[in-house]
Each structure stands twice: as C-alpha cells, then as structure tokens.
file final_38.cif (mmCIF, C-alpha atoms and all ligand atoms)
data_run
#
loop_
_atom_site.label_atom_id
_atom_site.label_comp_id
_atom_site.auth_asym_id
_atom_site.auth_seq_id
_atom_site.Cartn_x
_atom_site.Cartn_y
_atom_site.Cartn_z
CA MET A 1 0.00 0.00 0.00
CA ASN A 2 1.30 3.47 -0.87
CA LYS A 3 1.04 5.79 2.10
CA ILE A 4 2.58 8.31 4.43
CA ILE A 5 2.37 7.27 8.08
CA LEU A 6 3.09 9.78 10.82
CA LEU A 7 4.76 7.57 13.41
CA GLY A 8 5.79 10.28 15.86
CA THR A 9 4.64 13.89 15.75
CA GLY A 10 6.19 15.16 18.97
CA CYS A 11 9.35 16.95 20.00
CA PRO A 12 11.87 16.46 22.83
CA SER A 13 9.12 16.82 25.48
CA PRO A 14 8.09 13.35 26.65
CA SER A 15 4.53 12.53 25.61
CA HIS A 16 2.62 9.25 25.45
CA ILE A 17 0.37 10.80 22.78
CA ARG A 18 3.04 12.23 20.51
CA PHE A 19 6.22 10.16 20.30
CA GLY A 20 9.51 11.56 18.98
CA PRO A 21 9.68 12.73 15.35
CA SER A 22 9.52 9.96 12.78
CA THR A 23 7.63 9.54 9.50
CA LEU A 24 7.30 6.55 7.20
CA ILE A 25 6.78 6.79 3.46
CA SER A 26 5.83 3.46 1.99
CA TYR A 27 5.71 3.41 -1.80
CA GLN A 28 5.82 0.61 -4.36
CA GLY A 29 7.27 -1.80 -1.83
CA VAL A 30 9.97 0.56 -0.58
CA ASN A 31 9.91 1.82 3.03
CA LEU A 32 11.62 5.15 3.60
CA LEU A 33 11.87 6.35 7.17
CA ILE A 34 12.50 9.99 7.97
CA ASP A 35 14.14 10.49 11.38
CA ALA A 36 14.34 7.99 14.22
CA GLY A 37 12.73 9.68 17.20
CA SER A 38 11.97 8.09 20.54
CA GLY A 39 9.55 5.17 20.19
CA VAL A 40 9.92 4.69 16.44
CA THR A 41 10.15 0.89 16.61
CA GLN A 42 7.11 0.67 18.89
CA ARG A 43 5.12 2.81 16.45
CA LEU A 44 6.30 0.67 13.52
CA SER A 45 5.07 -2.38 15.41
CA GLU A 46 1.68 -0.68 15.86
CA VAL A 47 1.30 -0.35 12.09
CA GLY A 48 2.52 -3.89 11.45
CA ILE A 49 5.92 -3.08 9.97
CA GLN A 50 9.08 -4.76 11.17
CA PRO A 51 12.24 -2.68 11.61
CA SER A 52 13.86 -5.14 9.18
CA GLU A 53 11.48 -3.90 6.47
CA ILE A 54 12.89 -0.35 6.45
CA ASN A 55 14.99 0.14 3.31
CA HIS A 56 16.45 3.63 3.77
CA ILE A 57 16.58 6.11 6.64
CA LEU A 58 16.78 9.84 6.03
CA ILE A 59 17.97 11.95 8.96
CA THR A 60 17.14 15.66 8.91
CA HIS A 61 19.62 16.90 11.51
CA LEU A 62 21.50 15.75 14.57
CA HIS A 63 19.29 17.09 17.35
CA SER A 64 18.82 14.22 19.78
CA ASP A 65 15.04 13.93 19.39
CA HIS A 66 15.54 13.00 15.70
CA ILE A 67 18.23 10.34 16.18
CA VAL A 68 17.80 8.94 19.67
CA ASP A 69 16.38 5.58 18.49
CA LEU A 70 18.70 5.04 15.54
CA TYR A 71 20.62 2.32 17.37
CA GLN A 72 17.39 0.67 18.52
CA LEU A 73 16.28 0.60 14.87
CA TYR A 74 19.63 -0.89 13.81
CA ILE A 75 19.53 -3.67 16.41
CA SER A 76 15.82 -4.46 16.17
CA GLY A 77 16.15 -4.62 12.38
CA TRP A 78 18.81 -7.27 12.79
CA HIS A 79 16.68 -9.09 15.41
CA THR A 80 13.72 -9.13 13.04
CA GLY A 81 15.73 -10.65 10.23
CA ARG A 82 17.34 -7.88 8.20
CA THR A 83 19.97 -9.30 5.88
CA GLU A 84 20.48 -6.09 3.91
CA THR A 85 22.88 -3.31 4.88
CA PHE A 86 21.40 -0.75 7.30
CA LYS A 87 21.36 2.39 5.12
CA ILE A 88 21.31 5.87 6.65
CA HIS A 89 21.50 9.22 4.84
CA GLY A 90 21.91 12.54 6.57
CA PRO A 91 24.07 15.54 7.36
CA LYS A 92 27.79 15.68 8.02
CA GLY A 93 28.49 14.41 11.52
CA LEU A 94 26.06 11.49 11.21
CA LYS A 95 28.82 8.94 10.59
CA ALA A 96 30.76 10.00 13.69
CA PHE A 97 27.57 10.00 15.75
CA PHE A 98 26.54 6.53 14.60
CA GLU A 99 30.00 5.01 14.93
CA THR A 100 30.47 6.50 18.40
CA THR A 101 27.16 4.94 19.41
CA LEU A 102 28.29 1.59 17.97
CA GLU A 103 31.51 1.88 19.92
CA ALA A 104 29.65 2.53 23.17
CA TYR A 105 27.53 -0.58 22.63
CA ASN A 106 30.30 -2.71 21.17
CA PRO A 107 31.03 -4.89 24.25
CA GLU A 108 27.32 -5.65 24.62
CA LEU A 109 26.79 -6.28 20.91
CA SER A 110 29.85 -8.53 20.57
CA LEU A 111 28.67 -10.72 23.45
CA ARG A 112 25.13 -10.84 22.08
CA ARG A 113 26.21 -11.58 18.51
CA ASP A 114 28.48 -14.44 19.58
CA TRP A 115 26.01 -15.91 22.06
CA GLU A 116 22.83 -15.58 19.98
CA ASN A 117 24.46 -16.93 16.80
CA ARG A 118 21.87 -15.50 14.40
CA PRO A 119 21.91 -16.48 10.71
CA ASN A 120 21.83 -12.92 9.43
CA ASN A 121 24.91 -11.10 10.71
CA SER A 122 25.05 -9.35 7.33
CA GLY A 123 22.15 -7.27 8.73
CA LEU A 124 24.67 -5.62 11.03
CA ASN A 125 26.48 -4.10 8.05
CA TYR A 126 25.76 -0.42 7.70
CA SER A 127 26.37 2.48 5.37
CA VAL A 128 26.23 6.14 6.27
CA ASN A 129 25.80 8.56 3.40
CA GLU A 130 26.77 12.04 4.58
CA ILE A 131 24.90 14.01 1.97
CA ASP A 132 26.97 16.56 0.08
CA SER A 133 25.00 16.95 -3.12
CA THR A 134 21.36 17.72 -3.85
CA SER A 135 20.51 14.26 -5.09
CA VAL A 136 20.33 11.73 -2.25
CA LEU A 137 18.65 8.67 -3.66
CA THR A 138 17.28 7.48 -6.98
CA LEU A 139 15.23 4.31 -7.10
CA GLU A 140 12.80 3.04 -9.72
CA HIS A 141 9.75 4.98 -8.48
CA ILE A 142 11.32 7.23 -5.85
CA SER A 143 13.83 10.03 -5.93
CA VAL A 144 15.00 12.05 -2.96
CA ASN A 145 16.69 15.44 -2.98
CA LYS A 146 17.88 17.29 0.08
CA ILE A 147 16.82 20.83 0.83
CA ASP A 148 19.05 23.08 2.92
CA VAL A 149 16.88 24.52 5.68
CA ASP A 150 17.66 27.07 8.37
CA HIS A 151 17.85 25.64 11.88
CA TYR A 152 20.95 27.65 12.86
CA PRO A 153 23.00 27.02 14.98
CA VAL A 154 22.37 23.41 13.93
CA GLU A 155 24.25 23.08 10.65
CA PRO A 156 23.72 21.47 8.30
CA ALA A 157 19.99 20.83 8.67
CA PHE A 158 18.01 19.25 5.85
CA GLY A 159 14.51 19.03 4.58
CA TYR A 160 13.76 16.52 1.83
CA GLU A 161 11.95 16.57 -1.49
CA ILE A 162 10.61 13.10 -2.17
CA LYS A 163 9.23 12.38 -5.62
CA LEU A 164 7.00 9.33 -5.81
CA ASP A 165 6.58 8.99 -9.57
CA THR A 166 4.73 12.28 -10.22
CA THR A 167 3.70 12.99 -6.61
CA LYS A 168 5.79 15.55 -4.77
CA VAL A 169 6.18 15.28 -1.00
CA ILE A 170 8.19 17.88 0.91
CA TYR A 171 9.45 17.28 4.43
CA SER A 172 10.64 20.35 6.32
CA GLY A 173 12.69 18.86 9.12
CA ASP A 174 13.29 21.46 11.82
CA THR A 175 13.60 24.98 10.49
CA ARG A 176 12.68 28.59 10.93
CA TYR A 177 10.75 30.15 8.00
CA CYS A 178 12.90 29.19 5.07
CA LYS A 179 12.67 30.63 1.54
CA ASN A 180 14.65 27.71 0.20
CA LEU A 181 12.01 25.35 1.52
CA GLU A 182 9.27 27.58 0.13
CA ARG A 183 10.81 27.38 -3.35
CA ALA A 184 11.17 23.61 -3.14
CA SER A 185 7.55 23.31 -1.96
CA HIS A 186 6.15 24.98 -5.09
CA ASN A 187 3.00 23.08 -6.13
CA ALA A 188 3.81 20.23 -3.73
CA ASP A 189 1.09 17.63 -3.30
CA TYR A 190 2.05 17.30 0.36
CA LEU A 191 4.10 19.52 2.63
CA ILE A 192 4.90 17.94 5.99
CA HIS A 193 6.04 20.83 8.15
CA GLU A 194 7.08 21.41 11.75
CA VAL A 195 5.39 24.06 13.88
CA LEU A 196 6.09 25.79 17.16
CA VAL A 197 2.65 26.44 18.55
CA ASP A 198 3.50 28.19 21.77
CA LEU A 199 6.28 28.32 24.33
CA PRO A 200 5.02 29.80 27.58
CA PHE A 201 7.72 30.98 29.95
CA ASN A 202 8.43 28.72 32.91
CA LYS A 203 11.12 30.07 35.18
CA THR A 204 12.02 26.72 36.74
CA ARG A 205 13.34 25.42 33.41
CA MET A 206 13.78 28.44 31.16
CA THR A 207 15.40 31.84 30.98
CA GLU A 208 13.94 34.59 28.82
CA GLU A 209 16.70 33.69 26.37
CA THR A 210 15.47 30.07 26.24
CA VAL A 211 12.07 31.21 25.01
CA THR A 212 13.54 33.65 22.49
CA ASN A 213 16.09 31.22 21.08
CA VAL A 214 13.90 28.12 20.92
CA THR A 215 11.11 30.11 19.27
CA ASP A 216 13.60 31.65 16.87
CA TYR A 217 14.77 28.42 15.21
CA HIS A 218 11.32 26.96 14.60
CA THR A 219 8.37 28.10 12.46
CA SER A 220 5.27 29.82 13.86
CA PRO A 221 1.70 28.93 12.80
CA LYS A 222 1.44 32.17 10.81
CA GLU A 223 4.73 31.52 9.03
CA VAL A 224 3.88 27.95 8.09
CA GLY A 225 0.54 29.18 6.70
CA LEU A 226 2.25 31.90 4.66
CA LEU A 227 4.87 29.51 3.32
CA ALA A 228 2.28 26.94 2.26
CA GLU A 229 0.13 29.64 0.63
CA ASN A 230 3.05 31.25 -1.23
CA ALA A 231 4.18 27.85 -2.46
CA LYS A 232 0.64 26.84 -3.53
CA VAL A 233 0.91 23.61 -1.56
CA LYS A 234 -2.10 21.33 -2.03
CA LYS A 235 -2.10 19.67 1.39
CA LEU A 236 -0.28 20.86 4.49
CA ILE A 237 0.42 18.21 7.13
CA LEU A 238 1.72 19.53 10.45
CA ASN A 239 4.07 17.58 12.70
CA HIS A 240 6.83 18.11 15.28
CA PHE A 241 4.50 20.10 17.52
CA VAL A 242 6.10 22.18 20.24
CA PRO A 243 4.60 21.63 22.77
CA PRO A 244 3.04 18.19 22.13
CA VAL A 245 -0.27 19.19 23.76
CA PHE A 246 -2.03 22.33 22.53
CA ASN A 247 -5.36 23.68 21.29
CA GLU A 248 -5.70 22.03 17.86
CA GLU A 249 -8.75 24.02 16.73
CA LYS A 250 -7.00 27.27 17.53
CA LEU A 251 -3.93 26.21 15.56
CA ASP A 252 -6.10 25.24 12.59
CA ARG A 253 -7.83 28.64 12.70
CA GLU A 254 -4.52 30.51 12.93
CA ILE A 255 -3.09 28.75 9.88
CA LYS A 256 -6.32 29.13 7.90
CA GLU A 257 -5.97 32.91 8.17
CA HIS A 258 -2.98 32.62 5.85
CA TYR A 259 -3.40 29.39 3.88
CA SER A 260 -6.35 28.39 1.70
CA GLY A 261 -5.40 24.73 1.04
CA GLU A 262 -6.16 21.64 3.08
CA ILE A 263 -4.68 21.44 6.57
CA VAL A 264 -4.04 18.23 8.48
CA ILE A 265 -3.11 18.55 12.14
CA GLY A 266 -0.93 15.46 12.33
CA LYS A 267 -1.35 12.75 14.93
CA ASP A 268 0.76 9.70 15.68
CA LEU A 269 -0.26 6.73 13.52
CA LEU A 270 -2.21 8.88 11.07
CA GLU A 271 -2.06 7.31 7.60
CA ILE A 272 -2.39 9.33 4.40
CA ASN A 273 -3.00 7.27 1.30
CA LEU A 274 -0.91 8.25 -1.71
ZN ZN A 301 15.92 20.45 15.88
#
call {"tool": "encode", "arguments": {"input": "final_38.cif", "output": "structure tokens"}}
result
Amino acid sequence: MNKIILLGTGCPSPSHIRFGPSTLISYQGVNLLIDAGSGVTQRLSEVGIQPSEINHILITHLHSDHIVDLYQLYISGWHTGRTETFKIHGPKGLKAFFETTLEAYNPELSLRRDWENRPNNSGLNYSVNEIDSTSVLTLEHISVNKIDVDHYPVEPAFGYEIKLDTTKVIYSGDTRYCKNLERASHNADYLIHEVLVDLPFNKTRMTEETVTNVTDYHTSPKEVGLLAENAKVKKLILNHFVPPVFNEEKLDREIKEHYSGEIVIGKDLLEINL
C-alpha cells in the first residue's frame, strides 16, 4: 500500500500521545523512514511493519530527538531478520555520531552476537551517506533530494523533497521560516512541516533567552501558513509540535488565516493514502 504514516509527531518533550519525530513513506514496496525519534520501533510495530522492512533512513539533523532511536532501529532490524545493509542518509556528523554509538555498545553487541548466533549477521552491516549533493537517492519509483533549511546554529539541517513517480512530498525537518524550503515546496502535493505552537515561559526550566532562542529556530503557525500559501501547496500536514499538547482548533484557525489549502493537524499513527 502506498502511504505516508506519521509515526511520531512530537518533539523532545516526553509525551505518550506524541512520540519523537519519525515519519514513514511506503511506496511501491519501498519503506523510507524519515528520522528515528523516541519510540519509532514501537510505532512501527503498531502499524505492522518490522524494523527489518525499512529500506532507507533519512535523517534531517543531529538534534537528539531526531536520532535517539537510531541504534534501537539498527539492532531491532537485525533481530527481526534484516539481511540487507542498514542504510542511513543525513548531514555531516552522522557517521561520527553513529559510529560513536556503535563503539559505546560494542562490548554488549559482541557478546550478544556471539552468544545468539543468528543467521543474518550481514544485517549488522551499515552504510552512512553524509549528503553533500542535492541528489540523495534514486530508485525506480522514488527520488530524494535534500533541501538546505535554516535551523541555525544546527548546521547542516536538511529538509527533503521526495518524488513518488509524479507525486511531490516535501518534508521540512526542523527549520525557521525558510525561503529555500518555500521554493522547493512549489505546487507540492504534500508539505509535511514542523510548527512551534506556543512556548510559555516557565522560570524553573527556562530563561527569557530560552524562550527567544527556541522560538527563533522553529516556524510559527502564521509563518507555516504563509509559506504553504506562497508555495501553492495542495495539502499541508503539520508535525513536530512544540509543545506536544495544545489547542488544535485554535492552531487550525490561525493557519487558515494565511493558507487556503487543506490542513491536516498530524497525529501519531495517522495514515495518508498516496
Ligand atoms: Zn531540531
């Protein structure tokens, strides 16, 4: 079945309703996963997909909420029978991050591998593609290009343009309002975009600077509406909600003031047929 599945629509704040950021695009038998947020393998299990069935993983940037379950995905893919190489694509720094994680777990994994004697140790092979050109992936029905987005001081940070035959899906990753993303989103069938709904000040865990800086490197409801309208996006799907619990009707109204297309307030496990 060809579909987009929102596996996790949350942010770093722990939530049992919105898990960490992760989105599956399943098309013509290929499973592309974007980001590996907290709980990704549990959400995959809820939609009946084994970690071993993921073919490629696209990482948007190296903030912890987007990569925290990468190792869990690697190991559980092997446990569930992956024989293929574990293939990750993402920004510079991803290889060092992944290999440092492997190193930390190496004593445990060596013991486990030797003791469990599984038939598919080839599933522990991995490749990390640190993306340095626009084109990331070209398959029979799918092509992926990276989009440079603006999540400064996190650099590089990517969005992705995913072409599924003639259908264009844009994934923002984390970014402030970004003209580059707006250009790439022109006439997109689907734009999956992050949004910072609200960040009320809480002096026990924030300074005034926390609020200013966190708000600054994300996109507001008004901005996401303007971007989608300017780009003539057909369907806007929101995810990566900060905070994970908010007034959904109010957000919908705020965006509608600026955008005339269809709005989907994303939820974990929401499936959109392609
Ligand atoms: Zn981020």
call {"tool": "closest_atom_pairs", "arguments": {"input": "final_38.cif", "of": "chain A", "to": "ligand ZN 301 (chain A)", "cutoff": "8 Å", "atoms": "all atoms listed in the file", "output": "tab-separated table"}}
result
residue	atom	partner	partner_atom	distance
A:His61	CA	A:ZN301	ZN	6.7
A:Leu62	CA	A:ZN301	ZN	7.4
A:His63	CA	A:ZN301	ZN	5.0
A:Ser64	CA	A:ZN301	ZN	7.9
A:Asp65	CA	A:ZN301	ZN	7.5
A:His66	CA	A:ZN301	ZN	7.5
A:His151	CA	A:ZN301	ZN	6.8
A:Val154	CA	A:ZN301	ZN	7.4
A:Gly173	CA	A:ZN301	ZN	7.7
A:Asp174	CA	A:ZN301	ZN	4.9
A:Thr175	CA	A:ZN301	ZN	7.4
call {"tool": "closest_residue", "arguments": {"input": "final_38.cif", "among": "A:Pro107, A:Pro21, A:Gly93, A:Pro14", "to": "Ala157 (chain A)", "atoms": "all atoms listed in the file"}}
result
A:Gly93
call {"tool": "residues_around", "arguments": {"input": "final_38.cif", "residues": "Pro221 (chain A)", "least_positions_apart": "4", "cutoff": "9 Å", "atoms": "all atoms listed in the file", "output": "MDAnalysis selection string"}}
result
chainID A and resid 195:197 225:226 251:252 254:255
call {"tool": "write_last_selection", "arguments": {"input": "final_38.cif", "atoms": "C-alpha atoms", "output": "short mmCIF file (atom, residue, chain, number, x, y, z; two decimals), keeping the file's coordinate frame"}}
result
data_model
loop_
_atom_site.label_atom_id
_atom_site.label_comp_id
_atom_site.auth_asym_id
_atom_site.auth_seq_id
_atom_site.Cartn_x
_atom_site.Cartn_y
_atom_site.Cartn_z
CA VAL A 195 5.39 24.06 13.88
CA LEU A 196 6.09 25.79 17.16
CA VAL A 197 2.65 26.44 18.55
CA GLY A 225 0.54 29.18 6.70
CA LEU A 226 2.25 31.90 4.66
CA LEU A 251 -3.93 26.21 15.56
CA ASP A 252 -6.10 25.24 12.59
CA GLU A 254 -4.52 30.51 12.93
CA ILE A 255 -3.09 28.75 9.88
#
call {"tool": "residues_around", "arguments": {"input": "final_38.cif", "residues": "Arg118 (chain A)", "least_positions_apart": "3", "cutoff": "9 Å", "atoms": "all atoms listed in the file", "output": "list in words"}}
result
Trp78, His79, Gly81, Arg113, Asp114, Trp115 and Asn121 of chain A
call {"tool": "closest_residue", "arguments": {"input": "final_38.cif", "among": "A:Thr85, A:Thr101, A:Thr166, A:Ser110", "to": "Asn125 (chain A)", "atoms": "only C-alpha atoms"}}
result
A:Thr85
call {"tool": "closest_residue", "arguments": {"input": "final_38.cif", "among": "A:Arg205, A:Lys250, A:His186, A:Lys256", "to": "Lys234 (chain A)", "atoms": "only C-alpha atoms"}}
result
A:His186
call {"tool": "atom_distance", "arguments": {"input": "final_38.cif", "atom1": "CA of Leu274 (chain A)", "atom2": "CA of Cys11 (chain A)"}}
result
25.5 Å
call {"tool": "closest_residue", "arguments": {"input": "final_38.cif", "among": "A:His56, A:Arg176, A:Lys267, A:His240", "to": "Asn129 (chain A)", "atoms": "only C-alpha atoms"}}
result
A:His56
call {"tool": "closest_residue", "arguments": {"input": "final_38.cif", "among": "A:Asp165, A:Glu249, A:Glu99, A:Glu130", "to": "Ile57 (chain A)", "atoms": "all atoms listed in the file"}}
result
A:Glu130
call {"tool": "atom_distance", "arguments": {"input": "final_38.cif", "atom1": "CA of His89 (chain A)", "atom2": "CA of Leu236 (chain A)"}}
result
24.7 Å
call {"tool": "residues_near_point", "arguments": {"input": "final_38.cif", "point": "(2.6, 15.7, 2.9)", "cutoff": "12 Å", "atoms": "only C-alpha atoms", "output": "VMD selection string"}}
result
chain A and resid 3 to 6 23 to 25 160 to 164 167 to 172 185 187 to 194 228 233 to 239 262 to 266 270 to 274
call {"tool": "atom_distance", "arguments": {"input": "final_38.cif", "atom1": "CA of His218 (chain A)", "atom2": "CA of Ala36 (chain A)"}}
result
19.2 Å
call {"tool": "residues_around", "arguments": {"input": "final_38.cif", "residues": "Val128 (chain A)", "least_positions_apart": "4", "cutoff": "10 Å", "atoms": "only C-alpha atoms", "output": "list in words"}}
result
Ile57, Phe86, Lys87, Ile88, His89, Gly90, Pro91, Lys92, Leu94, Lys95, Ala96, Phe98 and Glu99 of chain A
call {"tool": "residues_near_point", "arguments": {"input": "final_38.cif", "point": "(15.6, -8.6, 16.0)", "cutoff": "12 Å", "atoms": "all atoms listed in the file", "output": "list of chain:residue names"}}
result
A:Thr41, A:Gln50, A:Pro51, A:Ser52, A:Glu53, A:Gln72, A:Leu73, A:Tyr74, A:Ile75, A:Ser76, A:Gly77, A:Trp78, A:His79, A:Thr80, A:Gly81, A:Arg82, A:Thr83, A:Arg112, A:Arg113, A:Glu116, A:Arg118, A:Pro119, A:Asn120, A:Asn121, A:Gly123, A:Leu124
call {"tool": "closest_residue", "arguments": {"input": "final_38.cif", "among": "A:Gly29, A:Pro243, A:Pro156, A:Gly39", "to": "His16 (chain A)", "atoms": "all atoms listed in the file"}}
result
A:Gly39
call {"tool": "axis_aligned_box", "arguments": {"input": "final_38.cif", "around": "region 216-225 of chain A", "padding_each_side": "4 Å", "output": "AutoDock Vina command-line options"}}
result
--center_x 7.7 --center_y 29.6 --center_z 11.8 --size_x 22.2 --size_y 13.2 --size_z 18.2
call {"tool": "residues_around", "arguments": {"input": "final_38.cif", "residues": "Cys178 (chain A)", "least_positions_apart": "4", "cutoff": "8 Å", "atoms": "only C-alpha atoms", "output": "PyMOL selection string"}}
result
chain A and resi 149-150+182
